[in-house]
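Visitor: What follows is final12.cif, mmCIF, C-alpha atoms.
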```cif
data_protein
loop_
_atom_site.label_atom_id
_atom_site.label_comp_id
_atom_site.auth_asym_id
_atom_site.auth_seq_id
_atom_site.Cartn_x
_atom_site.Cartn_y
_atom_site.Cartn_z
CA MET A 1 55.37 -174.91 -76.23
CA THR A 2 57.62 -173.07 -73.78
CA ASN A 3 59.66 -174.06 -70.75
CA ASP A 4 58.34 -171.49 -68.31
CA TYR A 5 61.20 -171.59 -65.83
CA ARG A 6 64.20 -172.21 -68.08
CA PHE A 7 65.54 -168.65 -67.72
CA SER A 8 64.46 -167.85 -64.16
CA GLY A 9 66.94 -165.44 -62.61
CA ARG A 10 68.68 -164.75 -65.93
CA VAL A 11 69.13 -161.34 -67.56
CA ALA A 12 69.03 -161.25 -71.36
CA LEU A 13 69.86 -158.54 -73.88
CA VAL A 14 68.37 -158.88 -77.36
CA THR A 15 69.42 -156.59 -80.19
CA GLY A 16 66.79 -155.86 -82.82
CA GLY A 17 64.13 -156.72 -80.27
CA ALA A 18 61.52 -154.33 -81.67
CA SER A 19 60.50 -156.58 -84.56
CA GLY A 20 61.04 -159.83 -86.44
CA ILE A 21 63.26 -162.56 -85.02
CA GLY A 22 64.50 -160.33 -82.21
CA GLU A 23 60.99 -159.57 -81.03
CA ALA A 24 60.04 -163.27 -81.13
CA VAL A 25 63.15 -164.13 -79.11
CA ALA A 26 62.47 -161.40 -76.56
CA ARG A 27 58.90 -162.62 -76.12
CA ARG A 28 59.96 -166.22 -75.64
CA LEU A 29 62.76 -165.39 -73.21
CA THR A 30 60.30 -163.34 -71.15
CA ALA A 31 57.72 -166.14 -71.21
CA GLU A 32 60.38 -168.56 -69.98
CA GLY A 33 61.32 -166.45 -66.97
CA ALA A 34 64.13 -164.13 -68.13
CA THR A 35 64.38 -160.44 -67.39
CA VAL A 36 64.87 -159.01 -70.87
CA ALA A 37 66.10 -155.79 -72.46
CA SER A 38 65.77 -154.90 -76.14
CA PHE A 39 68.36 -152.73 -77.90
CA ASP A 40 67.04 -151.34 -81.16
CA LEU A 41 67.00 -148.17 -83.22
CA HIS A 42 63.37 -147.86 -82.12
CA ALA A 43 62.56 -147.53 -78.43
CA GLU A 44 59.93 -150.24 -78.71
CA ALA A 45 59.74 -153.69 -77.15
CA PRO A 46 57.23 -156.37 -76.20
CA ASP A 47 55.39 -156.00 -72.91
CA GLY A 48 57.62 -156.53 -69.92
CA VAL A 49 60.83 -155.88 -71.87
CA LEU A 50 63.08 -152.90 -71.16
CA ALA A 51 63.37 -150.87 -74.37
CA ILE A 52 66.71 -149.18 -75.05
CA ALA A 53 67.18 -147.09 -78.20
CA GLY A 54 70.51 -147.00 -79.98
CA ASP A 55 72.58 -148.00 -82.99
CA VAL A 56 74.51 -151.29 -82.89
CA SER A 57 76.97 -149.93 -85.44
CA ARG A 58 78.16 -147.38 -82.88
CA SER A 59 80.34 -148.95 -80.21
CA ALA A 60 79.60 -146.12 -77.77
CA ASP A 61 75.85 -146.81 -78.05
CA VAL A 62 76.45 -150.50 -77.43
CA ALA A 63 78.61 -149.86 -74.38
CA ALA A 64 76.00 -147.48 -72.97
CA ALA A 65 73.22 -150.01 -73.52
CA VAL A 66 75.10 -152.80 -71.75
CA ALA A 67 75.90 -150.44 -68.87
CA GLN A 68 72.23 -149.51 -68.59
CA VAL A 69 71.16 -153.17 -68.51
CA GLU A 70 73.72 -153.97 -65.84
CA ARG A 71 72.64 -150.96 -63.80
CA GLU A 72 68.88 -151.51 -64.05
CA LEU A 73 68.51 -155.28 -64.45
CA GLY A 74 71.80 -156.87 -63.42
CA PRO A 75 74.72 -158.60 -65.16
CA VAL A 76 73.98 -159.89 -68.67
CA ASP A 77 73.73 -163.69 -68.75
CA VAL A 78 72.36 -164.01 -72.29
CA LEU A 79 73.06 -161.97 -75.43
CA VAL A 80 71.15 -162.51 -78.66
CA CYS A 81 72.38 -160.43 -81.61
CA SER A 82 69.47 -160.17 -84.03
CA ALA A 83 69.73 -156.59 -85.28
CA GLY A 84 70.43 -156.47 -88.99
CA VAL A 85 69.59 -155.06 -92.39
CA PRO A 86 69.25 -156.86 -95.74
CA GLY A 87 71.00 -154.23 -97.81
CA GLU A 88 69.76 -153.14 -101.21
CA SER A 89 69.16 -155.80 -103.87
CA LEU A 90 71.94 -154.78 -106.26
CA PRO A 91 74.52 -156.34 -108.57
CA THR A 92 77.93 -156.12 -106.96
CA VAL A 93 79.16 -153.46 -109.38
CA ASP A 94 76.33 -151.17 -108.29
CA VAL A 95 76.99 -151.41 -104.55
CA THR A 96 78.36 -148.06 -103.40
CA ASP A 97 81.03 -147.60 -100.75
CA GLU A 98 78.37 -146.13 -98.47
CA GLU A 99 76.01 -149.09 -98.89
CA TRP A 100 78.80 -151.61 -98.30
CA ARG A 101 79.85 -149.85 -95.10
CA ARG A 102 76.25 -149.45 -93.90
CA VAL A 103 75.50 -153.16 -94.20
CA MET A 104 78.82 -154.30 -92.78
CA GLY A 105 78.59 -151.72 -90.00
CA ILE A 106 75.24 -152.96 -88.74
CA ASN A 107 75.47 -156.67 -89.48
CA ALA A 108 79.14 -157.39 -88.72
CA ASP A 109 80.53 -154.52 -86.64
CA GLY A 110 77.36 -154.47 -84.56
CA VAL A 111 77.66 -158.13 -83.63
CA PHE A 112 81.33 -157.68 -82.74
CA TYR A 113 80.67 -154.62 -80.57
CA CYS A 114 77.86 -156.37 -78.68
CA ASN A 115 79.82 -159.58 -78.11
CA ARG A 116 82.84 -157.61 -76.93
CA ALA A 117 80.78 -155.46 -74.56
CA VAL A 118 79.19 -158.32 -72.61
CA LEU A 119 82.18 -160.67 -72.46
CA PRO A 120 84.03 -159.16 -69.47
CA GLY A 121 80.99 -159.58 -67.22
CA MET A 122 80.23 -163.08 -68.46
CA VAL A 123 83.80 -164.27 -68.08
CA ALA A 124 84.00 -162.76 -64.58
CA SER A 125 80.86 -164.64 -63.50
CA GLY A 126 81.94 -167.86 -65.22
CA TYR A 127 78.69 -168.14 -67.17
CA GLY A 128 77.22 -166.75 -70.37
CA ARG A 129 75.31 -167.63 -73.50
CA ILE A 130 75.69 -165.69 -76.76
CA VAL A 131 73.65 -166.42 -79.88
CA ASN A 132 74.45 -164.46 -83.03
CA VAL A 133 71.97 -164.42 -85.90
CA ALA A 134 73.78 -165.09 -89.18
CA SER A 135 72.11 -166.35 -92.38
CA ILE A 136 72.24 -169.14 -94.93
CA ALA A 137 73.53 -166.37 -97.22
CA GLY A 138 76.68 -166.31 -95.11
CA LYS A 139 77.33 -169.93 -96.13
CA GLU A 140 76.18 -169.99 -99.73
CA GLY A 141 76.06 -166.36 -100.85
CA ASN A 142 72.97 -164.91 -102.50
CA PRO A 143 73.01 -163.04 -105.80
CA MET A 144 72.13 -159.36 -105.56
CA ALA A 145 73.29 -159.48 -101.93
CA GLY A 146 77.08 -159.22 -101.88
CA ALA A 147 77.28 -156.97 -98.84
CA TYR A 148 74.67 -158.90 -96.88
CA SER A 149 76.21 -162.29 -97.68
CA ALA A 150 79.67 -161.06 -96.72
CA SER A 151 78.43 -159.56 -93.47
CA LYS A 152 76.74 -162.80 -92.44
CA ALA A 153 79.82 -164.84 -93.34
CA ALA A 154 81.69 -162.53 -90.99
CA VAL A 155 79.20 -163.31 -88.23
CA ILE A 156 79.76 -167.04 -88.72
CA ALA A 157 83.56 -166.73 -88.62
CA MET A 158 83.41 -164.34 -85.67
CA THR A 159 81.22 -166.76 -83.73
CA LYS A 160 83.65 -169.61 -84.34
CA ALA A 161 86.62 -167.52 -83.23
CA ILE A 162 84.99 -166.13 -80.08
CA GLY A 163 83.63 -169.54 -79.15
CA LYS A 164 87.15 -170.99 -79.27
CA ASP A 165 88.56 -168.02 -77.32
CA LEU A 166 86.14 -168.69 -74.47
CA ALA A 167 85.79 -172.46 -74.62
CA ARG A 168 86.99 -172.98 -71.04
CA SER A 169 85.40 -169.90 -69.51
CA GLY A 170 81.82 -171.06 -68.97
CA VAL A 171 80.68 -168.82 -71.83
CA VAL A 172 79.41 -170.52 -74.98
CA VAL A 173 78.95 -168.70 -78.27
CA ASN A 174 76.93 -170.08 -81.18
CA CYS A 175 75.04 -168.74 -84.16
CA VAL A 176 71.99 -169.60 -86.21
CA ALA A 177 71.79 -169.46 -90.00
CA PRO A 178 68.18 -168.94 -91.06
CA ALA A 179 66.91 -169.11 -94.61
CA VAL A 180 64.38 -166.44 -95.54
CA ILE A 181 62.09 -165.69 -92.58
CA GLU A 182 58.81 -163.81 -92.83
CA THR A 183 59.75 -160.57 -91.05
CA PRO A 184 59.68 -156.81 -91.77
CA ILE A 185 63.27 -157.01 -93.05
CA LEU A 186 61.83 -158.29 -96.35
CA GLU A 187 60.42 -154.83 -97.05
CA GLY A 188 63.89 -153.80 -98.18
CA ILE A 189 64.35 -156.68 -100.64
CA SER A 190 63.11 -157.01 -104.22
CA GLN A 191 60.47 -159.63 -105.03
CA GLU A 192 62.94 -161.28 -107.42
CA HIS A 193 65.38 -161.68 -104.54
CA ILE A 194 62.67 -163.13 -102.25
CA ASP A 195 61.53 -165.58 -104.94
CA TYR A 196 65.11 -166.77 -105.43
CA MET A 197 65.41 -167.58 -101.74
CA VAL A 198 62.04 -169.30 -101.33
CA GLU A 199 62.53 -171.44 -104.46
CA ARG A 200 65.62 -172.98 -102.87
CA ILE A 201 63.87 -174.10 -99.68
CA PRO A 202 62.79 -177.77 -99.99
CA MET A 203 59.89 -177.16 -97.56
CA GLY A 204 58.61 -174.59 -100.07
CA ARG A 205 57.86 -171.78 -97.65
CA MET A 206 59.40 -169.02 -95.57
CA GLY A 207 60.23 -169.67 -91.96
CA ARG A 208 58.44 -167.97 -89.08
CA PRO A 209 60.17 -165.85 -86.43
CA GLU A 210 58.84 -168.15 -83.70
CA GLU A 211 60.57 -171.12 -85.32
CA VAL A 212 63.91 -169.34 -85.17
CA ALA A 213 63.25 -168.17 -81.60
CA ALA A 214 62.72 -171.76 -80.44
CA LEU A 215 66.22 -172.72 -81.58
CA VAL A 216 67.81 -169.51 -80.34
CA CYS A 217 66.35 -169.98 -76.87
CA TRP A 218 67.70 -173.51 -76.58
CA LEU A 219 71.15 -172.24 -77.54
CA ALA A 220 70.74 -169.45 -74.97
CA SER A 221 69.87 -171.86 -72.17
CA GLU A 222 71.85 -173.92 -69.69
CA GLU A 223 70.82 -177.00 -71.68
CA CYS A 224 73.33 -175.98 -74.35
CA SER A 225 76.48 -176.89 -72.48
CA PHE A 226 78.78 -178.77 -74.90
CA SER A 227 78.42 -176.74 -78.07
CA THR A 228 80.33 -173.58 -78.85
CA GLY A 229 81.54 -171.88 -82.01
CA ALA A 230 78.89 -173.77 -83.96
CA VAL A 231 76.40 -172.85 -86.69
CA TYR A 232 72.83 -174.15 -86.45
CA ASP A 233 70.73 -174.10 -89.59
CA VAL A 234 67.05 -173.20 -89.59
CA SER A 235 66.51 -173.26 -93.32
CA GLY A 236 63.68 -175.61 -94.24
CA GLY A 237 66.21 -177.98 -95.76
CA ARG A 238 68.10 -175.46 -97.90
CA ALA A 239 71.42 -175.84 -96.09
CA VAL A 240 73.73 -178.46 -97.58
CA TYR A 241 76.64 -178.12 -95.14
#
```
Would you give me this structure, written as structure tokens?
Guide:
Amino acid sequence: MTNDYRFSGRVALVTGGASGIGEAVARRLTAEGATVASFDLHAEAPDGVLAIAGDVSRSADVAAAVAQVERELGPVDVLVCSAGVPGESLPTVDVTDEEWRRVMGINADGVFYCNRAVLPGMVASGYGRIVNVASIAGKEGNPMAGAYSASKAAVIAMTKAIGKDLARSGVVVNCVAPAVIETPILEGISQEHIDYMVERIPMGRMGRPEEVAALVCWLASEECSFSTGAVYDVSGGRAVY
């Protein structure tokens, strides 16, 4: 069930909008009246969504994407940071410098660059909604996922800090912490790793992208007005704090 007019007149930028959670969010925002752009390595997007290709781990690419959205669609009212990688399923001692930097660069640096790029416009207009996609791994840590877990913990801490920075500006910043969700990102994870995650979900199943998108879109709406710097679980009962 959607609220067809909730985002009328709003411009939204979704990173990772070509697949998975980002695609589900882009579709729902569009269905609820937003004008939406997707920023992804792949120049693909759902129907009606402006597709922009680029790398979130490169601040110049992020700045160019935000400038393009502002030029073609208007000022960004909503940012959803969904782009991410799982990293290789490896014991910590086997994680190379290059793999650590790759995962942190996309999952942590990318969120920072995107938040930073949209904030001047949001603060100037006195309104904005930012939703960063973290993970339950950022709270609890998953074995064979040191880089990923650390990167998502960074997203959680970053969200709390930015939310406090902007608490009186009209811009609210929150994040979601999903458990394992059935998306293409799982193609890069071992079956042992997937089994570990599913076994710890009391509901006994993976989540669906549309379930995450429903929460994200509430956090991205005007209805979310007295919550900032917060973490919202969508974990089938796995989260314990």
Visitor: Hey, can you check how far CA of Arg205 (chain A) sits from CA of Val103 (chain A)?
Guide: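 It comes out at 25.9 Å.
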Visitor: Run through the PyMOL selection byres ((chain A and resi 175-189) around 8) on the given coordinates and return the selected residues as a ChimeraX atom specification.
Guide: /A:19-21,85-89,131-138,155-156,159,173-174,190-191,193-194,197-198,201,206-209,212,216,229-236,238
Visitor: Dump C-alpha atoms for the selected residues as an mmCIF file, in the frame of the given file?
Guide:
```
data_model
loop_
_atom_site.group_PDB
_atom_site.id
_atom_site.type_symbol
_atom_site.label_atom_id
_atom_site.label_comp_id
_atom_site.auth_asym_id
_atom_site.auth_seq_id
_atom_site.Cartn_x
_atom_site.Cartn_y
_atom_site.Cartn_z
ATOM 1 C CA SER A 19 60.500 -156.580 -84.560
ATOM 2 C CA GLY A 20 61.040 -159.830 -86.440
ATOM 3 C CA ILE A 21 63.260 -162.560 -85.020
ATOM 4 C CA VAL A 85 69.590 -155.060 -92.390
ATOM 5 C CA PRO A 86 69.250 -156.860 -95.740
ATOM 6 C CA GLY A 87 71.000 -154.230 -97.810
ATOM 7 C CA GLU A 88 69.760 -153.140 -101.210
ATOM 8 C CA SER A 89 69.160 -155.800 -103.870
ATOM 9 C CA VAL A 131 73.650 -166.420 -79.880
ATOM 10 C CA ASN A 132 74.450 -164.460 -83.030
ATOM 11 C CA VAL A 133 71.970 -164.420 -85.900
ATOM 12 C CA ALA A 134 73.780 -165.090 -89.180
ATOM 13 C CA SER A 135 72.110 -166.350 -92.380
ATOM 14 C CA ILE A 136 72.240 -169.140 -94.930
ATOM 15 C CA ALA A 137 73.530 -166.370 -97.220
ATOM 16 C CA GLY A 138 76.680 -166.310 -95.110
ATOM 17 C CA VAL A 155 79.200 -163.310 -88.230
ATOM 18 C CA ILE A 156 79.760 -167.040 -88.720
ATOM 19 C CA THR A 159 81.220 -166.760 -83.730
ATOM 20 C CA VAL A 173 78.950 -168.700 -78.270
ATOM 21 C CA ASN A 174 76.930 -170.080 -81.180
ATOM 22 C CA SER A 190 63.110 -157.010 -104.220
ATOM 23 C CA GLN A 191 60.470 -159.630 -105.030
ATOM 24 C CA HIS A 193 65.380 -161.680 -104.540
ATOM 25 C CA ILE A 194 62.670 -163.130 -102.250
ATOM 26 C CA MET A 197 65.410 -167.580 -101.740
ATOM 27 C CA VAL A 198 62.040 -169.300 -101.330
ATOM 28 C CA ILE A 201 63.870 -174.100 -99.680
ATOM 29 C CA MET A 206 59.400 -169.020 -95.570
ATOM 30 C CA GLY A 207 60.230 -169.670 -91.960
ATOM 31 C CA ARG A 208 58.440 -167.970 -89.080
ATOM 32 C CA PRO A 209 60.170 -165.850 -86.430
ATOM 33 C CA VAL A 212 63.910 -169.340 -85.170
ATOM 34 C CA VAL A 216 67.810 -169.510 -80.340
ATOM 35 C CA GLY A 229 81.540 -171.880 -82.010
ATOM 36 C CA ALA A 230 78.890 -173.770 -83.960
ATOM 37 C CA VAL A 231 76.400 -172.850 -86.690
ATOM 38 C CA TYR A 232 72.830 -174.150 -86.450
ATOM 39 C CA ASP A 233 70.730 -174.100 -89.590
ATOM 40 C CA VAL A 234 67.050 -173.200 -89.590
ATOM 41 C CA SER A 235 66.510 -173.260 -93.320
ATOM 42 C CA GLY A 236 63.680 -175.610 -94.240
ATOM 43 C CA ARG A 238 68.100 -175.460 -97.900
#
```
Visitor: So that I can check the surroundings of region 57-71 of chain A, please list as a list in words every protein, DNA and RNA residue that reaches within 7 Å of it, counting all atoms listed in the file and ignoring chain neighbours fewer than 5 positions away.
Guide: Ala37, Ile52, Val76, Gly105, Ile106, Asp109, Gly110, Tyr113, Cys114, Ala117 and Val118 of chain A
Visitor: Using all atoms listed in the file, which residue out of A:Val36, A:Val49, A:Leu29, A:Leu166 lies closest to Pro120 (chain A)?
Guide: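 Using all atoms listed in the file, Pro120 (chain A) sits closest to A:Leu166.
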Visitor: Give me, please, the distance in Å between CA of Val123 (chain A) and CA of Ala45 (chain A), quoted to one decimal.
Guide: 27.8 Å
Visitor: Measuring between all atoms listed in the file, which one of A:Gly22, A:Asp97, A:Asn107, A:Leu79 shows the shortest distance to Asp55 (chain A)?
Guide: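 Looking only at the distances to Asp55 (chain A), the closest residue turns out to be A:Asn107.
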Visitor: With the file shown as input, list the residues that the PyMOL selection byres ((chain A and resi 92) around 8) selects, as a ChimeraX atom specification.
Guide: /A:90-91,93-95,144-146
Visitor: Generate a file of the selected residues that holds C-alpha atoms, formatted as a short mmCIF file (atom, residue, chain, number, x, y, z; two decimals), in the coordinates of the input.
Guide:
```
data_model
loop_
_atom_site.label_atom_id
_atom_site.label_comp_id
_atom_site.auth_asym_id
_atom_site.auth_seq_id
_atom_site.Cartn_x
_atom_site.Cartn_y
_atom_site.Cartn_z
CA LEU A 90 71.94 -154.78 -106.26
CA PRO A 91 74.52 -156.34 -108.57
CA VAL A 93 79.16 -153.46 -109.38
CA ASP A 94 76.33 -151.17 -108.29
CA VAL A 95 76.99 -151.41 -104.55
CA MET A 144 72.13 -159.36 -105.56
CA ALA A 145 73.29 -159.48 -101.93
CA GLY A 146 77.08 -159.22 -101.88
#
```
Visitor: For a quick check of understanding, using all atoms listed in the file, which of A:His42, A:Arg6, A:Arg168, A:Lys160 has the smallest distance to Tyr127 (chain A)?
Guide: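 For Tyr127 (chain A), the nearest of the candidates is A:Arg168.
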Visitor: So, counting only C-alpha atoms, which residue among A:Ala153, A:Ala18, A:Leu13, A:Cys224 is closest to Cys81 (chain A)?
Guide: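 The shortest atom-to-atom distance to Cys81 (chain A) comes from A:Leu13.
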Visitor: Can you work out the spacing between CA of Phe39 (chain A) and CA of Val111 (chain A) in Å, to one decimal?
Guide: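 Spanning CA of Phe39 (chain A) to CA of Val111 (chain A) is a straight-line distance of 12.2 Å.
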Visitor: May I have the residues at most 9 Å from (61.4, -171.3, -79.3) in the file's coordinates, counting all atoms listed in the file, as a ChimeraX atom specification?
Guide: /A:1-2,24-25,28-29,210-218
Visitor: Name the residues in contact with Ser125 (chain A) at a cut-off of 12 Å, using all atoms listed in the file, excluding same-chain residues fewer than 3 positions from it; report them as a list of chain:residue names.
Guide: A:Gly74, A:Pro75, A:Val76, A:Asp77, A:Val118, A:Leu119, A:Pro120, A:Gly121, A:Met122, A:Gly128, A:Arg129, A:Ser169, A:Gly170, A:Val171
Visitor: From the options A:Met158, A:Ala31, A:Ala83, A:Ala51, which residue's atoms come nearest to Ser8 (chain A), counting all atoms listed in the file?
Guide: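 Of A:Met158, A:Ala31, A:Ala83, A:Ala51, the one nearest Ser8 (chain A), counting all atoms listed in the file, is A:Ala31.
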Visitor: Let me know the centre plus edge lengths, in Å and rounded to one decimal, of a box with edges along x, y and z that contains all listed atoms of region 57-66 of chain A and is padded by 8 Å on every side, as lines of an AutoDock Vina configuration file.
Guide:
```
center_x = 76.8
center_y = -149.5
center_z = -78.6
size_x = 23.1
size_y = 22.7
size_z = 29.7
```
Visitor: Taking into account all atoms listed in the file, which residue in the set A:Ala12, A:Pro202, A:Met104, A:Glu192 is nearest to Val240 (chain A)?
Guide: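 Of A:Ala12, A:Pro202, A:Met104, A:Glu192, the one nearest Val240 (chain A) is A:Pro202, counting all atoms listed in the file.
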